[in-house]
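*Asks:* Below is a structure I'd like to ask you about.
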Amino acid sequence: MDLSAILMCPNGNKKTREKTITNLTLFDYANLIRLRVATLFLLGLVITQAVPKQATLNAEEFKISLQSGTVITVDVKTPTLKWTRVSDSGESREETLKIAELNRIMLSDSPVGQKVDIIRQLITDLADPRFQKREAAEEKLSEAETAGQFMEMLQSNLDHPDFEVRYRINRILKRLEDQDSTQRENQFDRLFFKNGTTAEGDLGNLDLELSFRGRPLTLKREQIAMISTPPNKPRLVASDKKTEVEIFHKPLNIFYRVDQTRIDFEKSPSGEELRRPADVSQTFVPVGLKLGTEQKGYIGISGYGFKFGPEKRASGNSICVYETVGTYSKRFKGIMEISFCMPNQESVAAGVMEFGMQMARVNHSRDFIVEAYNADNQILASVESSDEPCVFSGIKSTQPIAKIRILSNPYLFRIDRAIDEDYAVDSICFSPPVPIDSLSPQDQPSVTLNNGDLLKTDNIKLSDADAISINPVGEQNYKIGFDEIRSINFNHSSQKDRKSLTRLRPKQVLKTWTAMISDGSILFIKPGTPMTSTLFPKVQLELETFTGMWLTGNPSRFPMKSDFEKGKNVIVFPTCRIIPELISFAESGFLWNDRAEKIMQDLVIEGDEKDQDDPTPNIDQVTYETASAESSPTIWLKPPRSINASQGRIILADGQQLVLNGDLKIQLVNIQQDKITISIGKEIATIPLDQIQIIEFPERP
């Protein structure tokens, strides 16, 4: 399949696709679109009469997030719908709504009418002549996930004529009140209107007939997670700017602004009060934040109080790692991970430009570090904690921050000192999430379209010279041209089960290094004079084209925004940055002047304890053959830059990144069923498809 004509000629084959590709607005199929839903106890969703063909200009475009993680754009042409507004007491009222007034629909796990029937039957069972039946009903009604949002129905039976029923309901209500409110699953379907109001009720056994990519599609309620209007914000586009990173030990006026999201862990986004030890790993997905940990366990509410100043102690909740060991959990120790997604779209990866948080209590300086990673799993910055009762850590970057990791500082174990492993986190704030193409391993292959749709599938097949075949919804296959595709994630990654890059590893001899080229390409190289790529052994790489260099297997560590104002080169160790006058390269390695300026992060030391230990390796040269993971820094010969999104790139499973049409003039020659062919000048390399993680296609004007 020759791609050169496709990539250089944006209008190629356009006429042959006009009937199947219409930017997902698809008015030609309006007469096929209807909504139909079965009527339940509470009437559910009742559809008005079918829309005649002449009404198709009023079609409404929605994005539907499926339970599988797929996000698709569809046309819904039914102008109005009826639904049933339901209160906590089980009372209902029918309403007719205009679809054009809706901004978002969030579905509960099953129709509320069915749940109301279950609750009523369980209340009836409390008076059953059989003791075991009464016991079973009380036990079920005492579960927050069953009756937590139907407490008014229970309270309405407190005057039940049967004394035992009244007694059991009193006991059930007491148990529900004592339970964590976050365990009460949302029992209702929720509507969010464009005017900012919300409503709760029942949409019944939703069974939607839609149009997706010009073909009729039926979706059942159990397949749908959310329905929303397409966002107006354009996708973030990199523009070949410098990657600038700043770290902060004080909030200043950069953080906790009104345009940032702030999470204090007192309530969930829906207003539910949070109580310990609630698992909040997925609680804040509606605002674009996910919490997790590497070890067995979860991130939960700790209730640890924070002291923000000499006279200010914050009451209320914080979060910590609950590490599950056997039948018990220990708190405050371990690795916490914070990642981002688009609000209410857990499967759509996102990043933020600003992130800040409070952490307490750190009894020794540098006991903890906060790491910020970009979408390519590279470390943008490491912020060391300072010795204050409450530590603020903030990071601002011109490149989206895709993940935050908080952990005990692994570099301090090289020196003889006590380490405090206990910490809790509070008052997280971050800028609005923006979509990214994350390199994090997915649960299955996926395709991202230019319109923001995310199509997950079990298999991706090439259907012809300029398209793929994919089945993201149901069994039917859809043909999608490359001119609609932003990226293909084949889910081939050698990093799926890798250990944390920040954990110490034994000293080892490694032969290869990794270089970042000026255009953003990342290549494994054989260092020396000259340096060559392992993919293209005959191509000599000029040192002038290098942006940075680090030992393969180590994380790349980015310089700070102000570093290049002090010198032309920057050497980044885990615990400091060195600004030399010059870095000298030889066949065996590189060295710098031992009088070069060393920049340590600002630390505040309180009390009598003075931390004078410097964990940075005391060296002024690195030899390629004997370099170790602990002693090898990242060297920067010029400021790193973001990739120009219009160029496109190929990301290999081992982490190498090939920018198309950049400084190295890498070309994608063709794609076949099991491999791709790329070139640099006359040099050709063939890469098996199972060694490719992502292909991002160049933008066509």
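Naming scheme: A, B, ... for chains in displayed order of the structure tokens; residues 1 onward per chain; ligands 1 onward as shown.
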Residues of stretch 426-650 of chain A in strand (DSSP E) according to DSSP, as a PyMOL selection string?

*Replies:* chain A and resi 426-430+434-435+446-449+454-456+460-464+467-470+478-481+485-489+513-517+522-526+531-533+540-541+546-551+570-572+577-579+583-585+589-592+597-599+621-623+634-636+649-650

*Asks:* Which neighbours of stretch 650-662 of chain A fall inside 10 Å, counting only C-alpha atoms, when residues of the same chain fewer than 2 positions from it are skipped, and could you give them as an MDAnalysis selection string?

*Replies:* chainID A and resid 376:377 439 441 487:496 514:524 535 552:553 643:648 664:668 678:680 687:698

*Asks:* Which residues, written as a list in words, have at least one atom at most 9 Å from A:Phe355, with only C-alpha atoms counted and residues fewer than 2 positions away on the same chain left out?

*Replies:*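 Listed by chain and then number, they are Phe255, Val352, Met353, Met357, Ala372, Ser393, Gly394, Ile395, Lys396, Ile401, Ile404, Ile428, Cys429, Phe430 and Ser431 of chain A.
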
*Asks:* Could the residues in this selection be written to a file with C-alpha atoms, as an mmCIF file, in the first residue's frame?

*Replies:*
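Writing the result to out-v2.cif gives the following:
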data_model
loop_
_atom_site.group_PDB
_atom_site.id
_atom_site.type_symbol
_atom_site.label_atom_id
_atom_site.label_comp_id
_atom_site.auth_asym_id
_atom_site.auth_seq_id
_atom_site.Cartn_x
_atom_site.Cartn_y
_atom_site.Cartn_z
ATOM 1 C CA PHE A 255 -2.445 27.771 41.517
ATOM 2 C CA VAL A 352 -3.018 19.318 32.112
ATOM 3 C CA MET A 353 -0.632 22.256 31.873
ATOM 4 C CA MET A 357 -1.210 19.826 45.612
ATOM 5 C CA ALA A 372 5.284 14.682 36.298
ATOM 6 C CA SER A 393 4.374 20.882 45.138
ATOM 7 C CA GLY A 394 3.450 22.533 41.875
ATOM 8 C CA ILE A 395 4.414 21.967 38.237
ATOM 9 C CA LYS A 396 3.702 24.114 35.198
ATOM 10 C CA ILE A 401 1.214 16.547 32.034
ATOM 11 C CA ILE A 404 1.685 12.400 38.390
ATOM 12 C CA ILE A 428 -5.281 19.079 44.440
ATOM 13 C CA CYS A 429 -5.714 21.669 41.700
ATOM 14 C CA PHE A 430 -5.177 21.464 37.954
ATOM 15 C CA SER A 431 -5.877 23.358 34.751
#

*Asks:* Grab the atom CA of A:Phe585 to atom CA of A:Gly528 distance for me, in Å with one decimal place.

*Replies:*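 It comes out at 8.3 Å.
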
*Asks:* Under the rule that only C-alpha atoms are counted, which of A:Ser427, A:Ser584, A:Ser628, A:Asn618 is the nearest residue to A:Thr261?

*Replies:* A:Ser427

*Asks:* Atom CA of A:Phe590 and atom CA of A:Tyr624 are how many Å apart?

*Replies:*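 Pair atom CA of A:Phe590 / atom CA of A:Tyr624 returns 8.2 Å.
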
*Asks:* Determine the nearest neighbour of A:Asn317 from the options A:Val348, A:Ile169, A:Ala424, A:Leu122, counting only C-alpha atoms.

*Replies:* A:Ala424
